[in-house]
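Let me begin by presenting the structure, written as structure tokens, before commenting on it.
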Amino acid sequence: MKVLLARGYDKQLVVDKLPAMKDAMVKFARQHEDEAAEGMELLPGVRELLEALKQREDVCVGLVTGNLEEIAWGKMRRLGVEHLFSDPRFGGFGSDFCSHSIEDPSLDRAELVRIASRRRRDAQPDEMIVRRFHIGDAPADVRQQRRGEGRIWEGERGRGEGRWEERRGNGRRGEEMGGEEMEGE
């Protein structure tokens with residue numbers, strides 16, 4: 001949707017056609033699932049991190065992305081990491097929410113993180129979420145976290161380097177934790 005708005009299409013026309021566009025995108029993705037992750041690769045250390053988190057009983061791993069849910073999970077399957085996410089699967093997806101803002105994608109990302117957290121709570125209401133981490137490599141990931149609470153791994157695309165940054169509920173910066181290990185988190 002944002003691509004069409006950025007290219008000057010009428011917002012109401014795009015909103016009206018959105019359900020049909022989503023259906024067409026999912027249909028295309030199903031027909032071409034074997035190509036879902038073509039040209040994509042995991043950033044260094046991502047598989048190892050997901051494998052380590054999967055072994056922990058005190059951690060649930062969800063997915064937050066601007067992709068439509070079915071397309072996002074298809075990409076995770078093709079990248080060979082879908083099984084490393086928690087069961088039941090949960091996340092926040094572009095098919096769940098769109099602010100219609102082409103200026104600041106972090107507005108959507110913040111809401112998608114809230115949706116993912118709510119889905120996790122709804123799926124397992126007896127297991128309390130003590131802390132939430134958002135690991136991202138896009139500028140929108142960092143900007144959304146600066147609006148909220150929790151810790152973000154502010155990574156650099158393709159470099160596998162970054163730092164932990166913690167935010168309080170009002171978006172204030174907490175402490176920087178460069179290179180801190182996940183052990184015991």
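Letters A, B, ... go to the chains of the structure tokens in the order shown; residues in each chain start at 1; ligands are counted from 1 in the same order.
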So which bits of region 36-148 of chain A end up alpha helix (DSSP H) when you DSSP the backbone, as an MDAnalysis selection string?
chainID A and resid 46:54 69:78 106:123 139:147
Need to verify the contact set: region 23-32 of chain A, 10 Å, only C-alpha atoms, exclusion of same-chain residues closer than 2 positions in sequence. Can you return it as an mmCIF file with N, CA, C and O atoms, in the first residue's frame?
```cif
data_model
loop_
_atom_site.group_PDB
_atom_site.id
_atom_site.type_symbol
_atom_site.label_atom_id
_atom_site.label_comp_id
_atom_site.auth_asym_id
_atom_site.auth_seq_id
_atom_site.Cartn_x
_atom_site.Cartn_y
_atom_site.Cartn_z
ATOM 1 N N LEU A 18 -7.423 -2.589 -1.297
ATOM 2 C CA LEU A 18 -6.471 -3.328 -0.455
ATOM 3 C C LEU A 18 -6.843 -4.801 -0.262
ATOM 4 O O LEU A 18 -5.975 -5.667 -0.424
ATOM 5 N N PRO A 19 -8.094 -5.151 0.064
ATOM 6 C CA PRO A 19 -8.405 -6.582 0.231
ATOM 7 C C PRO A 19 -8.104 -7.403 -1.026
ATOM 8 O O PRO A 19 -7.548 -8.496 -0.937
ATOM 9 N N ALA A 20 -8.444 -6.881 -2.188
ATOM 10 C CA ALA A 20 -8.181 -7.607 -3.437
ATOM 11 C C ALA A 20 -6.680 -7.712 -3.695
ATOM 12 O O ALA A 20 -6.190 -8.755 -4.163
ATOM 13 N N MET A 21 -5.932 -6.651 -3.366
ATOM 14 C CA MET A 21 -4.475 -6.695 -3.545
ATOM 15 C C MET A 21 -3.845 -7.724 -2.609
ATOM 16 O O MET A 21 -2.956 -8.486 -3.010
ATOM 17 N N ASP A 34 8.324 -21.665 -3.715
ATOM 18 C CA ASP A 34 9.701 -22.133 -3.848
ATOM 19 C C ASP A 34 10.668 -21.001 -4.148
ATOM 20 O O ASP A 34 11.876 -21.149 -4.004
ATOM 21 N N GLU A 35 10.146 -19.838 -4.525
ATOM 22 C CA GLU A 35 10.973 -18.667 -4.799
ATOM 23 C C GLU A 35 10.851 -17.606 -3.694
ATOM 24 O O GLU A 35 11.383 -16.502 -3.843
ATOM 25 N N ALA A 36 10.173 -17.947 -2.609
ATOM 26 C CA ALA A 36 9.809 -16.958 -1.582
ATOM 27 C C ALA A 36 10.991 -16.184 -1.033
ATOM 28 O O ALA A 36 10.883 -15.006 -0.752
ATOM 29 N N LEU A 68 2.859 -9.496 4.638
ATOM 30 C CA LEU A 68 1.622 -10.181 4.974
ATOM 31 C C LEU A 68 1.993 -11.467 5.696
ATOM 32 O O LEU A 68 3.017 -12.083 5.398
ATOM 33 N N GLU A 69 1.158 -11.892 6.658
ATOM 34 C CA GLU A 69 1.536 -13.011 7.521
ATOM 35 C C GLU A 69 1.902 -14.270 6.741
ATOM 36 O O GLU A 69 2.953 -14.876 6.976
ATOM 37 N N GLU A 70 1.053 -14.678 5.830
ATOM 38 C CA GLU A 70 1.328 -15.918 5.098
ATOM 39 C C GLU A 70 2.620 -15.820 4.285
ATOM 40 O O GLU A 70 3.386 -16.776 4.197
ATOM 41 N N ILE A 71 2.870 -14.673 3.706
ATOM 42 C CA ILE A 71 4.095 -14.480 2.920
ATOM 43 C C ILE A 71 5.312 -14.489 3.842
ATOM 44 O O ILE A 71 6.350 -15.085 3.525
ATOM 45 N N ALA A 72 5.196 -13.861 5.004
ATOM 46 C CA ALA A 72 6.315 -13.808 5.951
ATOM 47 C C ALA A 72 6.718 -15.205 6.407
ATOM 48 O O ALA A 72 7.902 -15.549 6.411
ATOM 49 N N GLY A 74 6.132 -17.983 4.880
ATOM 50 C CA GLY A 74 6.690 -18.672 3.710
ATOM 51 C C GLY A 74 8.159 -18.353 3.519
ATOM 52 O O GLY A 74 8.973 -19.230 3.208
ATOM 53 N N LYS A 75 8.520 -17.099 3.734
ATOM 54 C CA LYS A 75 9.939 -16.711 3.632
ATOM 55 C C LYS A 75 10.758 -17.377 4.729
ATOM 56 O O LYS A 75 11.890 -17.827 4.483
#
```
Between CA of Ala123 (chain A) and CA of Ser95 (chain A), what is the spacing in Å?
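Separation between CA of Ser95 (chain A) and CA of Ala123 (chain A): 19.0 Å.
Distances from A:Lys54, A:Glu41, A:Cys98, A:Glu103 to Arg78 (chain A) were compared using only C-alpha atoms, and the smallest one belongs to A:Glu41.
Using only C-alpha atoms, the shortest contact distance between Phe93 (chain A) and any of A:Arg118, A:Gly66, A:Gln55, A:Glu111 is found at A:Gly66.
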Just how far from CA of Ser117 (chain A) is CA of Trp73 (chain A), in Å to one decimal?
17.4 Å
Contacts of Leu84 (chain A) at 6 Å or less, counting only C-alpha atoms, minus same-chain residues fewer than 2 places along, as a ChimeraX atom specification?
/A:50,54,81-82
Counting only C-alpha atoms, which residue out of A:Ala37, A:Val15, A:Leu63, A:Leu79 sits closest to Arg109 (chain A)?
A:Leu63
Within 12 Å of region 6-8 of chain A using only C-alpha atoms, minus same-chain residues under 4 positions, as a list in words
Met1, Lys2, Gln12, Leu13, Val14, His100, Ser101, Ile102, Glu103 and Asp104 of chain A
With C-alpha atoms retained, could you export that selection as a PDB file, in the first residue's frame?
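Generated file (part17.pdb):
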```
ATOM      1  CA  MET A   1       0.000   0.000   0.000  1.00  0.00           C
ATOM      2  CA  LYS A   2       2.728   2.429   0.977  1.00  0.00           C
ATOM      3  CA  GLN A  12      -9.027   6.081  -0.913  1.00  0.00           C
ATOM      4  CA  LEU A  13      -8.662   4.066  -4.118  1.00  0.00           C
ATOM      5  CA  VAL A  14      -5.744   2.145  -2.595  1.00  0.00           C
ATOM      6  CA  HIS A 100      -1.023   4.591   5.858  1.00  0.00           C
ATOM      7  CA  SER A 101       2.047   6.682   6.749  1.00  0.00           C
ATOM      8  CA  ILE A 102       4.699   6.668   4.053  1.00  0.00           C
ATOM      9  CA  GLU A 103       6.865   9.090   6.001  1.00  0.00           C
ATOM     10  CA  ASP A 104       7.579   6.977   9.082  1.00  0.00           C
TER      11      ASP A 104
END
```
